[in-house]
Structures are given as structure tokens and as C-alpha cells.
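Pasting entry.tsv here (TSV, C-alpha atoms and all ligand atoms):
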```tsv
chain	number	residue	atom	x	y	z
W	697	MET	CA	107.91	110.27	104.94
W	698	CYS	CA	106.92	108.00	107.77
W	699	GLY	CA	108.54	106.60	110.88
W	700	ILE	CA	109.89	103.15	111.64
W	701	ILE	CA	110.98	101.79	115.01
W	702	GLY	CA	112.19	98.28	115.81
W	703	ILE	CA	113.16	96.90	119.21
W	704	LEU	CA	114.70	93.56	120.11
W	705	GLY	CA	114.83	94.09	123.84
W	706	THR	CA	114.36	92.72	127.30
W	707	ASP	CA	111.38	94.86	128.46
W	708	LEU	CA	107.84	95.05	127.10
W	709	ALA	CA	108.24	96.41	123.55
W	710	ALA	CA	104.84	98.01	122.82
W	711	PRO	CA	105.12	101.02	125.20
W	712	ARG	CA	108.68	101.67	124.04
W	713	LEU	CA	107.66	101.42	120.39
W	714	LEU	CA	104.86	103.91	120.98
W	715	ASP	CA	107.30	106.25	122.71
W	716	GLY	CA	109.66	105.92	119.73
W	717	LEU	CA	106.83	106.68	117.29
W	718	ARG	CA	105.98	109.82	119.28
W	719	ARG	CA	109.55	111.02	118.73
W	720	LEU	CA	109.04	110.56	114.99
W	721	GLU	CA	105.68	112.38	114.84
W	722	TYR	CA	107.39	115.45	113.39
W	723	ARG	CA	107.75	113.53	110.12
W	724	GLY	CA	103.98	113.54	109.57
W	725	TYR	CA	101.60	110.56	109.37
W	726	ASP	CA	97.97	109.52	108.94
W	727	SER	CA	97.82	106.19	110.82
W	728	ALA	CA	100.03	104.00	112.98
W	729	GLY	CA	100.58	100.45	114.14
W	730	ILE	CA	102.72	98.06	116.15
W	731	ALA	CA	103.41	94.32	115.82
W	732	THR	CA	105.22	92.07	118.28
W	733	LEU	CA	106.28	88.47	118.34
W	734	VAL	CA	104.94	86.48	121.30
W	735	ASN	CA	105.93	82.81	121.64
W	736	GLY	CA	106.95	82.95	118.01
W	737	GLN	CA	103.57	84.28	116.81
W	738	ILE	CA	102.78	87.70	115.33
W	739	ASP	CA	100.24	89.95	117.00
W	740	ARG	CA	99.46	93.55	116.03
W	741	ARG	CA	97.42	96.65	116.84
W	742	ARG	CA	96.69	99.46	114.37
W	743	ALA	CA	94.70	102.70	114.28
W	744	GLU	CA	93.81	105.44	111.84
W	745	GLY	CA	94.76	108.98	112.80
W	746	LYS	CA	96.90	110.19	115.67
W	747	LEU	CA	99.02	108.08	117.99
W	748	ARG	CA	96.55	108.68	120.84
W	749	ASN	CA	94.15	106.44	118.87
W	750	LEU	CA	96.76	103.65	118.77
W	751	ASP	CA	97.47	104.31	122.46
W	752	ALA	CA	93.75	103.77	123.20
W	753	VAL	CA	93.67	100.53	121.19
W	754	LEU	CA	96.74	99.27	123.10
W	755	ALA	CA	95.24	100.31	126.44
W	756	ALA	CA	92.07	98.32	125.68
W	757	ASP	CA	93.96	95.35	124.26
W	758	PRO	CA	97.63	95.32	125.39
W	759	LEU	CA	100.30	93.76	123.23
W	760	PRO	CA	102.83	91.57	125.04
W	761	GLY	CA	106.31	90.73	123.76
W	762	VAL	CA	109.85	92.13	123.93
W	763	LEU	CA	110.48	92.06	120.16
W	764	GLY	CA	108.47	94.39	117.94
W	765	ILE	CA	108.17	96.89	115.12
W	766	GLY	CA	106.23	100.15	114.93
W	767	HIS	CA	105.20	102.47	112.12
W	768	THR	CA	103.65	105.82	111.41
W	769	ARG	CA	102.27	105.80	107.87
W	770	TRP	CA	102.07	108.57	105.32
W	771	ALA	CA	99.88	106.93	102.67
W	772	THR	CA	101.13	106.85	99.10
W	773	HIS	CA	99.14	103.84	97.82
W	774	GLY	CA	95.73	103.21	99.32
W	775	VAL	CA	93.61	105.46	101.51
W	776	ALA	CA	94.56	106.24	105.10
W	777	ASN	CA	92.55	103.71	107.09
W	778	THR	CA	93.21	100.95	109.60
W	779	THR	CA	93.28	98.17	106.97
W	780	ASN	CA	96.04	99.91	105.03
W	781	ALA	CA	97.97	100.87	108.19
W	782	HIS	CA	101.21	99.00	108.76
W	783	PRO	CA	102.43	96.52	110.00
W	784	HIS	CA	101.21	94.25	107.22
W	785	THR	CA	101.27	90.55	107.96
W	786	SER	CA	101.05	87.03	106.58
W	787	ASP	CA	101.20	83.74	108.47
W	788	ARG	CA	105.03	84.05	108.37
W	789	VAL	CA	105.96	87.73	108.32
W	790	ALA	CA	105.11	91.13	109.87
W	791	LEU	CA	106.53	94.14	108.07
W	792	VAL	CA	106.64	97.95	108.17
W	793	HIS	CA	107.78	99.99	105.18
W	794	ASN	CA	108.78	103.55	104.46
W	795	GLY	CA	108.87	104.61	100.80
W	796	ILE	CA	107.41	103.39	97.52
W	797	ILE	CA	107.76	100.06	95.70
W	798	GLU	CA	107.67	101.20	92.06
W	799	ASN	CA	107.13	97.71	90.60
W	800	PHE	CA	104.42	96.59	93.03
W	801	ARG	CA	101.84	95.98	90.28
W	802	PRO	CA	103.72	93.21	88.40
W	803	LEU	CA	104.89	91.73	91.71
W	804	ARG	CA	101.31	91.68	93.01
W	805	ALA	CA	100.08	90.00	89.81
W	806	GLU	CA	102.86	87.40	90.10
W	807	LEU	CA	102.06	86.66	93.74
W	808	GLU	CA	98.29	86.57	93.16
W	809	ALA	CA	98.91	84.04	90.37
W	810	LYS	CA	100.72	81.91	92.99
W	811	GLY	CA	97.60	82.02	95.18
W	812	TYR	CA	98.40	84.79	97.66
W	813	SER	CA	95.42	87.02	98.39
W	814	PHE	CA	95.93	90.64	99.38
W	815	ASP	CA	94.08	92.48	102.15
W	816	THR	CA	95.21	96.04	101.41
W	817	GLU	CA	95.58	98.62	98.63
W	818	THR	CA	99.20	99.33	99.56
W	819	ASP	CA	102.34	98.82	97.52
W	820	THR	CA	103.90	97.50	100.75
W	821	GLU	CA	101.95	94.25	100.94
W	822	VAL	CA	103.86	92.75	97.99
W	823	ILE	CA	106.99	92.67	100.18
W	824	VAL	CA	105.12	90.62	102.79
W	825	TYR	CA	104.12	87.91	100.31
W	826	LEU	CA	107.43	88.05	98.43
W	827	LEU	CA	109.25	87.22	101.68
W	828	THR	CA	106.57	84.70	102.70
W	829	ASP	CA	106.93	82.91	99.37
W	830	LEU	CA	110.73	82.76	99.67
W	831	LEU	CA	110.45	81.42	103.24
W	832	LYS	CA	107.96	78.79	102.06
W	833	GLN	CA	110.50	77.77	99.40
W	834	GLY	CA	112.84	76.90	102.29
W	835	LEU	CA	115.12	79.92	102.37
W	836	SER	CA	116.38	81.17	105.72
W	837	PRO	CA	114.99	84.54	106.85
W	838	LYS	CA	118.28	86.24	105.96
W	839	GLN	CA	118.42	84.60	102.52
W	840	ALA	CA	114.78	85.57	101.92
W	841	MET	CA	115.56	89.19	102.80
W	842	VAL	CA	118.57	89.32	100.47
W	843	GLN	CA	116.72	87.72	97.55
W	844	GLY	CA	113.49	89.60	98.25
W	845	MET	CA	115.14	93.02	98.27
W	846	GLN	CA	116.67	92.28	94.88
W	847	ARG	CA	113.16	92.06	93.40
W	848	LEU	CA	112.14	95.55	94.56
W	849	ASP	CA	112.41	98.77	92.54
W	850	GLY	CA	112.19	102.09	94.34
W	851	ALA	CA	113.25	103.64	97.61
W	852	PHE	CA	112.46	101.93	100.88
W	853	ALA	CA	113.30	101.22	104.48
W	854	ILE	CA	111.71	98.17	106.03
W	855	ALA	CA	111.69	96.29	109.32
W	856	VAL	CA	110.58	92.67	109.51
W	857	LEU	CA	109.57	90.04	112.07
W	858	VAL	CA	109.37	86.35	111.14
W	859	THR	CA	107.19	83.80	112.98
W	860	GLY	CA	109.17	81.38	115.12
W	861	GLU	CA	112.20	83.71	115.17
W	862	ASP	CA	111.99	85.24	118.65
W	863	GLY	CA	115.57	86.54	118.53
W	864	LEU	CA	115.45	88.09	115.06
W	865	LEU	CA	114.75	91.70	113.99
W	866	MET	CA	115.59	92.34	110.32
W	867	GLY	CA	115.91	95.66	108.53
W	868	ALA	CA	116.82	96.80	105.03
W	869	ARG	CA	117.12	100.15	103.34
W	870	ARG	CA	117.65	101.64	99.90
W	871	GLY	CA	117.49	105.41	99.53
W	872	SER	CA	115.49	105.89	102.74
W	873	PRO	CA	117.08	106.25	106.17
W	874	LEU	CA	117.18	103.41	108.72
W	875	ALA	CA	119.63	103.55	111.63
W	876	VAL	CA	120.76	100.57	113.69
W	877	GLY	CA	121.16	101.10	117.44
W	878	TYR	CA	123.12	98.88	119.83
W	879	GLY	CA	121.98	98.85	123.47
W	880	ASP	CA	122.95	96.81	126.51
W	881	GLY	CA	121.68	93.41	125.41
W	882	GLU	CA	119.22	95.13	123.08
W	883	MET	CA	119.07	96.16	119.42
W	884	PHE	CA	117.09	98.95	117.77
W	885	LEU	CA	116.07	100.17	114.34
W	886	GLY	CA	114.90	103.73	113.74
W	887	SER	CA	114.15	106.15	110.92
W	888	ASP	CA	116.00	108.93	112.72
W	889	ALA	CA	119.02	107.98	114.85
W	890	TRP	CA	119.09	111.12	116.93
W	891	ARG	CA	115.39	111.37	117.71
W	892	SER	CA	114.90	107.64	118.16
W	893	ALA	CA	117.67	107.47	120.77
W	894	ARG	CA	116.90	110.52	122.93
W	901	LIG	N1	103.94	103.31	100.33
W	901	LIG	C1	103.57	102.79	101.60
W	901	LIG	C2	102.08	102.95	101.86
W	901	LIG	O1	101.41	103.68	101.20
W	901	LIG	C3	104.39	103.41	102.74
W	901	LIG	C4	104.11	104.87	102.94
W	901	LIG	C5	105.00	105.48	104.01
W	901	LIG	O2	106.20	105.69	103.74
W	901	LIG	O3	104.47	105.74	105.10
W	901	LIG	O4	101.55	102.32	102.73
```

As C-alpha cells, what does this structure read like?
Ligand code: GLU
Amino acid sequence: MCGIIGILGTDLAAPRLLDGLRRLEYRGYDSAGIATLVNGQIDRRRAEGKLRNLDAVLAADPLPGVLGIGHTRWATHGVANTTNAHPHTSDRVALVHNGIIENFRPLRAELEAKGYSFDTETDTEVIVYLLTDLLKQGLSPKQAMVQGMQRLDGAFAIAVLVTGEDGLLMGARRGSPLAVGYGDGEMFLGSDAWRSAR
């Protein structure tokens, strides 16, 4: 079990995402990361181990932006290191995932045959390139999410950023929790509604 936080807000997202991840530490994790969208482009920071390591990375190299996603990972596929830490990204998508994609092997083979090259050992990365491929086919982000989710077997919660979509935070869930929070001119996603909001 890991933790997901998403914020589409008005203040700097990274410190708030880190604070949200701290509230989800009780769920257990081995690495953590945050991605934000700045002028339509994805940027991210990740670290193996405890959140203080991610905090140090962010202190040395701050992440601007008011829209972002954060993740604490509990590795199921691929060792616990920075490369396998979420968010995973392509030139179009940044994504965090909780759960297991049972059919990631055939999906990975299909996407590799289309020319996508993978950076990680995770099951999660197939979702990144599945969505990227659908976006490149001309689907809207929402259409890509709907069609992409239909290809996945297993239990998951995910949160997604798309390049060029500064006002868009997308989430999806099947069998894993993901709560939606409504603030004053802000929107949130969180693995645990009570702890994320306090
Ligand atoms: N299966 C994914 C991975 O190994 C997500 C694990 C999790 O829920 O933290 O990266």
C-alpha cells in the first residue's frame, strides 16, 4: 500500500504535497517523489528511502508549480531505488500509481513494439506509455484516460498530469482507494480522505 496526493491549487504545490505524503507515511513506503506542471511542462524530484531524503532533494532543487502529484511507493515490481520511484513520466504524461497492473507484461511488449522505450522495472510505466500513445493518436486527455483504464487488469489508483494542461488533474481508481477533495478554488486527490485533509 502506498500513498497518493494530488493538488490543483493556487499556492506552491510541492511543500503541500510533501506535507500530504507525511500524513500518509503510516501506510509504509520505500521511496517517494513529486511531479508538478510548470508552464505546461512536467518537472519532478524523487528519492529512495524516507521523506526527509525527498525533502533534502527539494531543498537543494525546489520544484515550482501549483499543480502536482506526489507518491510514496511500496515496491511490488522492481527494486526500491530512485529510478523506479514514482512519478513516472514521458514527454506527455506524469503519473503515480498505487496497486498492481496484472497484465503489464503483454502491454509492455505491445508498447515496446510501437517504439516506446522503458526506463524502469515497474508495472506502472506501461500506464504512462499507454496514455502517451492514446494522446499521440489524437484523443483528449479524458478520452485517453477512459480508454487507457479499460486496457488495465488489476487493482489500482492513479493520478495523472498531462503536458500543456495546466488546469487538469486526473485520477482513476479500481479496487484501491482514491478520494476527491473540493477546496476553495482548489481540488485534491488523496489515498486517505481523513488523513489527507487534516
Ligand atoms: N506496483 C507499483 C510499483 O511497484 C506501485 C506500488 C505501490 O503501490 O506503491 O511501483

Give, as lines of an AutoDock Vina configuration file, the centre coordinates and the x, y and z edge lengths in Å to one decimal for an axis-aligned box around all listed atoms of ligand LIG 901 (chain W), padded by 5 Å on each side.
```
center_x = 103.8
center_y = 104.0
center_z = 102.7
size_x = 14.8
size_y = 13.4
size_z = 14.8
```

**Report entry** Separation of atom CA of W:Ala790 from atom CA of W:Leu763 in Å
**Finding:**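 One can read the atom CA of W:Leu763 to atom CA of W:Ala790 distance as 11.6 Å.
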
Query - At most 7 Å from ligand LIG 901 (chain W) (only C-alpha atoms and all ligand atoms): residue list as a PyMOL selection string - result: chain W and resi 697-698+768-774+780-782+793-797+818-820

Report summary line: Computed gap from atom CA of W:Ile701 to atom CA of W:Tyr878 is 13.4 Å

Report task. Name the residues, using the chain letters and numbers of the file, that sit within 6 Å of (115.1, 92.7, 110.3) when counting all atoms listed in the file, and give them as JSON, numbers by chain. Result -> {"W": [855, 856, 865, 866, 867]}

Query raised in the report: So which residues touch stretch 828-832 of chain W within 9 Å, counting only C-alpha atoms, skipping near sequence neighbours fewer than 5 positions away, as a list in words?
Result: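 Final neighbour list, sorted by chain and number: Ser786, Asp787, Arg788, Val789, Leu807, Lys810, Tyr812, Ile823, Pro837, Gln839, Ala840, Met841, Gln843 and Gly844 of chain W.
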
Query raised in the report: With all atoms listed in the file as the atoms that count, which of W:Met883, W:Ala889, W:Leu857, W:Val824 lies nearest to W:Arg719?
Result: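 Looking at the shortest contact to W:Arg719, the residue is W:Ala889.
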
Query raised in the report: Quick one, how far is atom CA of W:Gly860 from atom CA of W:Asn735?
Result: 7.4 Å

Query raised in the report: Taking into account all atoms listed in the file, which residue in the set W:Leu759, W:Ala809, W:Ile854, W:Leu848 is nearest to W:His784?
Result: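 Using all atoms listed in the file, W:His784 sits closest to W:Ile854.
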
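Across W:Leu750, W:Ala853, W:Leu733, W:Val858, the tightest approach to W:Asp888 is made by W:Ala853 when counting all atoms listed in the file.
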
Requested in this report: Write out as an MDAnalysis selection string each polymer residue whose atoms come within 8 Å of W:Gly745, counting all atoms listed in the file; drop sequence neighbours fewer than 6 positions from it.
Outcome: chainID W and resid 725:728

Query - Nearest-residue call for W:Leu714, choices W:Ala755, W:Val876, W:Met845, W:Val734, using only C-alpha atoms - result: W:Ala755

Requested in this report: For a cut-off of 9 Å around (97.3, 93.1, 117.4), file coordinates, pick out all residues using all atoms listed in the file and list them as an MDAnalysis selection string.
Outcome: chainID W and resid 729:732 738:742 754 757:759

Query - Nearest-residue call for W:Arg723, choices W:Arg870, W:Arg847, W:Ala805, W:His767, using only C-alpha atoms - result: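 With only C-alpha atoms as the atom set, the closest residue is W:His767.
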
**Report entry** Option closest in space to W:Phe800, from W:Gly766, W:Val775, W:Gly850, W:Pro760 [counting all atoms listed in the file]
**Finding:**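 Among W:Gly766, W:Val775, W:Gly850, W:Pro760, it is W:Gly850 that comes nearest to W:Phe800.
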
Requested in this report: Do a neighbour search on W:Gly879 at 12 Å with all atoms listed in the file, toss out local chain neighbours closer than 5 positions, and write the hits as a count of residues only.
Outcome: 7

Kindly complete stretch 864-886 of chain W to N, CA and C atoms; the output should be written as a tab-separated table (two decimals), keeping the file's coordinate frame.
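Written output follows (part.tsv):
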```tsv
chain	number	residue	atom	x	y	z
W	864	LEU	N	115.06	87.52	116.34
W	864	LEU	CA	115.45	88.09	115.06
W	864	LEU	C	114.64	89.34	114.71
W	865	LEU	N	115.35	90.46	114.50
W	865	LEU	CA	114.75	91.70	113.99
W	865	LEU	C	115.54	92.06	112.74
W	866	MET	N	114.88	92.06	111.57
W	866	MET	CA	115.59	92.34	110.32
W	866	MET	C	115.19	93.70	109.76
W	867	GLY	N	116.17	94.39	109.18
W	867	GLY	CA	115.91	95.66	108.53
W	867	GLY	C	116.64	95.73	107.21
W	868	ALA	N	116.15	96.57	106.31
W	868	ALA	CA	116.82	96.80	105.03
W	868	ALA	C	116.49	98.21	104.58
W	869	ARG	N	117.40	98.80	103.83
W	869	ARG	CA	117.12	100.15	103.34
W	869	ARG	C	117.76	100.35	101.96
W	870	ARG	N	117.08	101.16	101.16
W	870	ARG	CA	117.65	101.64	99.90
W	870	ARG	C	117.09	103.03	99.65
W	871	GLY	N	117.91	104.04	99.82
W	871	GLY	CA	117.49	105.41	99.53
W	871	GLY	C	116.65	106.07	100.60
W	872	SER	N	116.23	105.33	101.60
W	872	SER	CA	115.49	105.89	102.74
W	872	SER	C	116.31	105.60	103.99
W	873	PRO	N	116.23	106.47	104.99
W	873	PRO	CA	117.08	106.25	106.17
W	873	PRO	C	116.58	105.12	107.07
W	874	LEU	N	117.50	104.38	107.67
W	874	LEU	CA	117.18	103.41	108.72
W	874	LEU	C	118.46	103.19	109.52
W	875	ALA	N	118.44	103.65	110.77
W	875	ALA	CA	119.63	103.55	111.63
W	875	ALA	C	119.52	102.30	112.49
W	876	VAL	N	120.69	101.71	112.79
W	876	VAL	CA	120.76	100.57	113.69
W	876	VAL	C	121.35	101.04	115.01
W	877	GLY	N	120.67	100.72	116.13
W	877	GLY	CA	121.16	101.10	117.44
W	877	GLY	C	121.53	99.87	118.26
W	878	TYR	N	122.66	99.97	118.97
W	878	TYR	CA	123.12	98.88	119.83
W	878	TYR	C	122.94	99.29	121.28
W	879	GLY	N	122.14	98.55	122.05
W	879	GLY	CA	121.98	98.85	123.47
W	879	GLY	C	122.68	97.79	124.31
W	880	ASP	N	122.38	97.79	125.60
W	880	ASP	CA	122.95	96.81	126.51
W	880	ASP	C	122.09	95.56	126.44
W	881	GLY	N	122.47	94.62	125.60
W	881	GLY	CA	121.68	93.41	125.41
W	881	GLY	C	120.44	93.64	124.57
W	882	GLU	N	120.38	94.79	123.89
W	882	GLU	CA	119.22	95.13	123.08
W	882	GLU	C	119.69	95.66	121.72
W	883	MET	N	118.79	95.59	120.74
W	883	MET	CA	119.07	96.16	119.42
W	883	MET	C	117.87	96.99	118.98
W	884	PHE	N	118.14	98.03	118.20
W	884	PHE	CA	117.09	98.95	117.77
W	884	PHE	C	117.22	99.26	116.28
W	885	LEU	N	116.09	99.56	115.67
W	885	LEU	CA	116.07	100.17	114.34
W	885	LEU	C	115.26	101.46	114.45
W	886	GLY	N	115.65	102.49	113.70
W	886	GLY	CA	114.90	103.73	113.74
W	886	GLY	C	115.11	104.57	112.50
```
